[in-house]
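Student: This is the structure, below, for whatever I ask next.
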Amino acid sequence: MCSSDLLLAGQRASSTGEVMIDWSRPALPFAGTVLALVASLFVGERRGLRGLAVLCHLMVVGQGMLGGTRVLENSQHLAFLHGSLAQVVFTVLALTASVVGSARAEARRGGGPAQRGPVVLAALAAVLVLGQSTLGAWTRHTGSHLPLGLHGMNALVVLGVVLLLVSRLGRFQRETGSPVVARLRRGLLHLVAAQFVLGVGVLIVILVVAGGFDGPVTVTEAITSTLHVLLGALLAGSCARAAVVLPAVVPCTAPDPVAKAELPAGLSPGGAL
């Protein structure tokens with residue numbers, strides 16, 4: 001077998017048998033792609049959306065490279081970093097999909113002081129959920145009781161903030177009559193309830209059924225833990241989605257500038273002269 005056959009996907013073996021990564025081979029095409037994407041930001045319209053798309057592209061590529069390096073080096077530190085950043089990448093992708101999706105188009109345009117409270121609360125909830133996911137990754141990859149305790153205490157904080165957000169969205173939905181706000185509220189309520197129940201279930205499976213973090217990982221533990229991570233990502237993405245969509249919703253009490261402009265002279269919105 002020739003030496004070129006031993007170089008697979010930019011890898012090489014050291015004299016000690018340890019697999020090392022040679023970044024020289026993928027670096028040039030990756031750099032070319034980045035330069036082409038950056039250059040596209042200076043051409044045409046909607047540069048902000050293209051910039052967000054470029055950010056998503058780079059984050060996904062970086063996450064893939066980090067995951068491959070983690071597998072090759074079998075590093076717990078990289079596994080923790082990979083698991084934590086995965087939640088951030090998913091949240092940014094969900095935020096991007098919300099910006100370019102149909103929810104903002106369906107919501108009535110405008111915005112005002114009534115939206116600032118729910119928007120700030122939704123952004124805070126997204127940050128707290130991402131922090132909770134980081135504590136969960138720390139717990140999974142170390143099996144330490146310190147991150148487990150912090151994860152449990154922060155879970156109560158996240159639960160309280162998300163339920164407060166759900167309550168504010170309920171009030172805001174009654175003010176606006178917006179079906180978009182109603183769907184956001186129902187989705188957050190269902191996700192946070194399922195996530196809390198599943199989190200308690202994972203804790204019982206690990207500490208009671210599996211005999212703690214030192215015991216072997218059972219199939220039940222693997223399934224419940226994976227579902228718990230998945231729901232955490234969906235919850236963070238939903239909170240970020242709410243923070244992006246809510247500013248596009250206008251209260252029903254706000255005047256409709258289009259309808260007002262079309263009214264004949266002397267005619268009030270109620271139809272009276």
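Ordering of the structure tokens sets the chain letters (A, B, ...); residue numbers start at 1 within each chain; ligands are numbered from 1 in the order shown.
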Please list as JSON, numbers by chain every residue within 12 Å of His190 (chain A), counting only C-alpha atoms and excluding residues in the same chain fewer than 4 positions away.

Tutor: {"A": [159, 162, 163, 166, 183, 184, 185, 186, 194, 195, 196, 197, 231, 234, 235, 238]}

Student: Would you pick out the contacts of Leu230 (chain A) at 12 Å or less, using only C-alpha atoms, so that residues sharing its chain but fewer than 2 positions from it are not included, and give the list as a list of chain:residue names?

Tutor: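 After dropping sequence-adjacent residues, the list is A:Gly83, A:Ala86, A:Gln87, A:Phe90, A:Thr91, A:Ser133, A:Gly136, A:Leu191, A:Ala194, A:Gln195, A:Leu198, A:Gly199, A:Ile223, A:Thr224, A:Ser225, A:Thr226, A:Leu227, A:His228, A:Gly232, A:Ala233, A:Leu234, A:Leu235, A:Ala236, A:Gly237.
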
Student: When you draw a straight line from CA of Leu207 (chain A) to CA of His145 (chain A), how long is it in Å?

Tutor: 11.2 Å

Student: For Val244 (chain A), work out the shell of residues within 10 Å, counting only C-alpha atoms and skipping chain neighbours fewer than 2 positions away, then give it as a PyMOL selection string.

Tutor: chain A and resi 95-96+98-99+103-104+119+122-123+238-242+246-248

Student: Interatomic distance between CA of Met153 (chain A) and CA of Thr134 (chain A)?

Tutor: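 Between these atoms lies a distance of 13.6 Å.
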
Student: Please provide as a compact mmCIF listing (two decimals) with N, CA, C and O atoms, in the first residue's frame all residues within 10 Å of Thr139 (chain A), with the sequence filter that same-chain residues fewer than 4 positions apart are discarded (counting only C-alpha atoms).

Tutor:
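Saved result, part-v5.txt, follows:
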# COMPACT_ATOMS: atom_id res chain seq x y z
N PHE A 80 -17.53 17.80 25.22
CA PHE A 80 -18.32 18.80 25.95
C PHE A 80 -18.51 20.06 25.11
O PHE A 80 -19.62 20.61 25.02
N SER A 133 -28.39 23.98 28.82
CA SER A 133 -27.85 22.93 27.96
C SER A 133 -26.36 22.74 28.19
O SER A 133 -25.85 21.61 28.14
N THR A 134 -25.64 23.85 28.43
CA THR A 134 -24.21 23.75 28.72
C THR A 134 -23.96 23.00 30.02
O THR A 134 -23.07 22.15 30.12
N LEU A 135 -24.77 23.30 31.05
CA LEU A 135 -24.65 22.56 32.31
C LEU A 135 -24.98 21.09 32.12
O LEU A 135 -24.36 20.22 32.74
N GLY A 143 -19.89 13.45 34.70
CA GLY A 143 -20.52 12.66 35.74
C GLY A 143 -20.31 13.24 37.12
O GLY A 143 -20.42 12.54 38.12
N SER A 144 -20.01 14.55 37.20
CA SER A 144 -19.75 15.20 38.47
C SER A 144 -21.06 15.68 39.11
O SER A 144 -22.02 16.01 38.41
N HIS A 145 -21.07 15.72 40.44
CA HIS A 145 -22.28 16.14 41.14
C HIS A 145 -22.44 17.66 41.15
O HIS A 145 -23.55 18.16 41.32
N LEU A 146 -21.33 18.41 40.98
CA LEU A 146 -21.43 19.87 40.97
C LEU A 146 -22.25 20.36 39.78
O LEU A 146 -23.22 21.12 39.98
N PRO A 147 -21.92 19.99 38.55
CA PRO A 147 -22.76 20.44 37.43
C PRO A 147 -24.18 19.89 37.50
O PRO A 147 -25.12 20.54 37.06
N LEU A 148 -24.33 18.69 38.08
CA LEU A 148 -25.68 18.14 38.23
C LEU A 148 -26.52 19.00 39.16
O LEU A 148 -27.70 19.28 38.87
N GLY A 149 -25.93 19.45 40.27
CA GLY A 149 -26.66 20.33 41.18
C GLY A 149 -26.99 21.66 40.54
O GLY A 149 -28.11 22.17 40.68
N LEU A 150 -26.02 22.24 39.82
CA LEU A 150 -26.27 23.50 39.13
C LEU A 150 -27.33 23.33 38.05
O LEU A 150 -28.18 24.21 37.84
N HIS A 151 -27.29 22.19 37.38
CA HIS A 151 -28.27 21.91 36.33
C HIS A 151 -29.67 21.82 36.93
O HIS A 151 -30.63 22.33 36.34
N PHE A 213 -23.76 7.64 37.94
CA PHE A 213 -22.95 7.94 36.76
C PHE A 213 -21.83 6.92 36.55
O PHE A 213 -21.30 6.81 35.44

Student: Which value, in Å to one decimal, gives the distance between CA of Ala222 (chain A) and CA of Cys56 (chain A)?

Tutor: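 Between these atoms lies a distance of 28.7 Å.
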
Student: Give me the residues within 10 Å of Val89 (chain A) as a list of chain:residue names, counting only C-alpha atoms and dropping any in the same chain fewer than 4 places off.

Tutor: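 Result of the neighbour search: A:Leu55, A:Cys56, A:His57, A:Leu58, A:Met59, A:Val60, A:Gly62, A:Gln63, A:Ser84, A:Leu85, A:Leu93, A:Ala94, A:Leu95, A:Ala233, A:Gly237.
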
Student: Suppose we keep all heavy atoms; can you now write the selection as a compact mmCIF listing (two decimals), in the first residue's frame?

Tutor:
# COMPACT_ATOMS: atom_id res chain seq x y z
N LEU A 55 -23.15 33.25 8.31
CA LEU A 55 -22.85 32.86 9.69
C LEU A 55 -23.32 31.44 9.97
O LEU A 55 -22.59 30.64 10.58
CB LEU A 55 -23.52 33.84 10.66
CG LEU A 55 -23.41 33.50 12.15
CD1 LEU A 55 -21.95 33.52 12.60
CD2 LEU A 55 -24.24 34.47 12.99
N CYS A 56 -24.53 31.10 9.52
CA CYS A 56 -25.03 29.73 9.71
C CYS A 56 -24.14 28.72 9.01
O CYS A 56 -23.83 27.65 9.57
CB CYS A 56 -26.46 29.62 9.18
SG CYS A 56 -27.67 30.56 10.12
N HIS A 57 -23.72 29.04 7.81
CA HIS A 57 -22.85 28.12 7.06
C HIS A 57 -21.55 27.87 7.81
O HIS A 57 -21.12 26.72 7.98
CB HIS A 57 -22.57 28.69 5.67
CG HIS A 57 -21.57 27.92 4.89
ND1 HIS A 57 -21.89 26.77 4.20
CD2 HIS A 57 -20.24 28.11 4.70
CE1 HIS A 57 -20.81 26.29 3.62
NE2 HIS A 57 -19.79 27.09 3.90
N LEU A 58 -20.91 28.93 8.25
CA LEU A 58 -19.64 28.79 8.93
C LEU A 58 -19.80 28.05 10.25
O LEU A 58 -18.92 27.25 10.64
CB LEU A 58 -19.02 30.17 9.18
CG LEU A 58 -18.65 30.97 7.92
CD1 LEU A 58 -18.07 32.32 8.31
CD2 LEU A 58 -17.66 30.19 7.06
N MET A 59 -20.90 28.29 10.96
CA MET A 59 -21.12 27.60 12.22
C MET A 59 -21.32 26.10 12.01
O MET A 59 -20.81 25.28 12.78
CB MET A 59 -22.32 28.20 12.96
CG MET A 59 -22.11 29.63 13.44
SD MET A 59 -23.52 30.29 14.35
CE MET A 59 -23.40 29.36 15.88
N VAL A 60 -22.07 25.73 10.97
CA VAL A 60 -22.30 24.31 10.69
C VAL A 60 -20.99 23.63 10.29
O VAL A 60 -20.68 22.52 10.74
CB VAL A 60 -23.37 24.14 9.60
CG1 VAL A 60 -23.45 22.69 9.14
CG2 VAL A 60 -24.73 24.60 10.11
N GLY A 62 -17.92 24.63 11.03
CA GLY A 62 -17.07 24.57 12.21
C GLY A 62 -17.50 23.49 13.18
O GLY A 62 -16.65 22.80 13.77
N GLN A 63 -18.81 23.31 13.33
CA GLN A 63 -19.32 22.27 14.21
C GLN A 63 -18.96 20.88 13.68
O GLN A 63 -18.62 19.97 14.45
CB GLN A 63 -20.83 22.41 14.36
CG GLN A 63 -21.49 21.42 15.30
CD GLN A 63 -21.20 21.70 16.76
OE1 GLN A 63 -20.40 22.57 17.09
NE2 GLN A 63 -21.84 20.97 17.63
N SER A 84 -22.10 21.44 23.62
CA SER A 84 -22.59 22.76 24.02
C SER A 84 -22.84 23.65 22.81
O SER A 84 -23.87 24.33 22.72
CB SER A 84 -21.59 23.41 24.97
OG SER A 84 -21.39 22.61 26.13
N LEU A 85 -21.88 23.67 21.89
CA LEU A 85 -22.02 24.53 20.72
C LEU A 85 -23.12 24.04 19.78
O LEU A 85 -23.67 24.84 19.01
CB LEU A 85 -20.69 24.61 19.97
CG LEU A 85 -19.57 25.37 20.68
CD1 LEU A 85 -18.31 25.38 19.83
CD2 LEU A 85 -20.00 26.79 21.01
N LEU A 93 -29.76 28.68 13.78
CA LEU A 93 -30.48 28.20 12.60
C LEU A 93 -31.98 28.43 12.74
O LEU A 93 -32.66 28.84 11.78
CB LEU A 93 -30.18 26.72 12.37
CG LEU A 93 -28.76 26.35 11.96
CD1 LEU A 93 -28.58 24.84 11.89
CD2 LEU A 93 -28.40 26.97 10.62
N ALA A 94 -32.52 28.17 13.93
CA ALA A 94 -33.94 28.41 14.17
C ALA A 94 -34.27 29.89 14.06
O ALA A 94 -35.31 30.28 13.50
CB ALA A 94 -34.34 27.88 15.54
N LEU A 95 -33.38 30.74 14.57
CA LEU A 95 -33.59 32.17 14.48
C LEU A 95 -33.57 32.62 13.02
O LEU A 95 -34.40 33.44 12.60
CB LEU A 95 -32.50 32.89 15.28
CG LEU A 95 -32.60 34.40 15.47
CD1 LEU A 95 -32.01 34.78 16.82
CD2 LEU A 95 -31.86 35.15 14.37
N ALA A 233 -32.91 21.70 22.82
CA ALA A 233 -32.61 22.47 21.61
C ALA A 233 -33.88 23.08 21.02
O ALA A 233 -33.88 24.25 20.60
CB ALA A 233 -31.93 21.57 20.59
N GLY A 237 -34.60 27.07 20.63
CA GLY A 237 -34.97 27.60 19.32
C GLY A 237 -36.33 28.27 19.33
O GLY A 237 -36.53 29.30 18.67
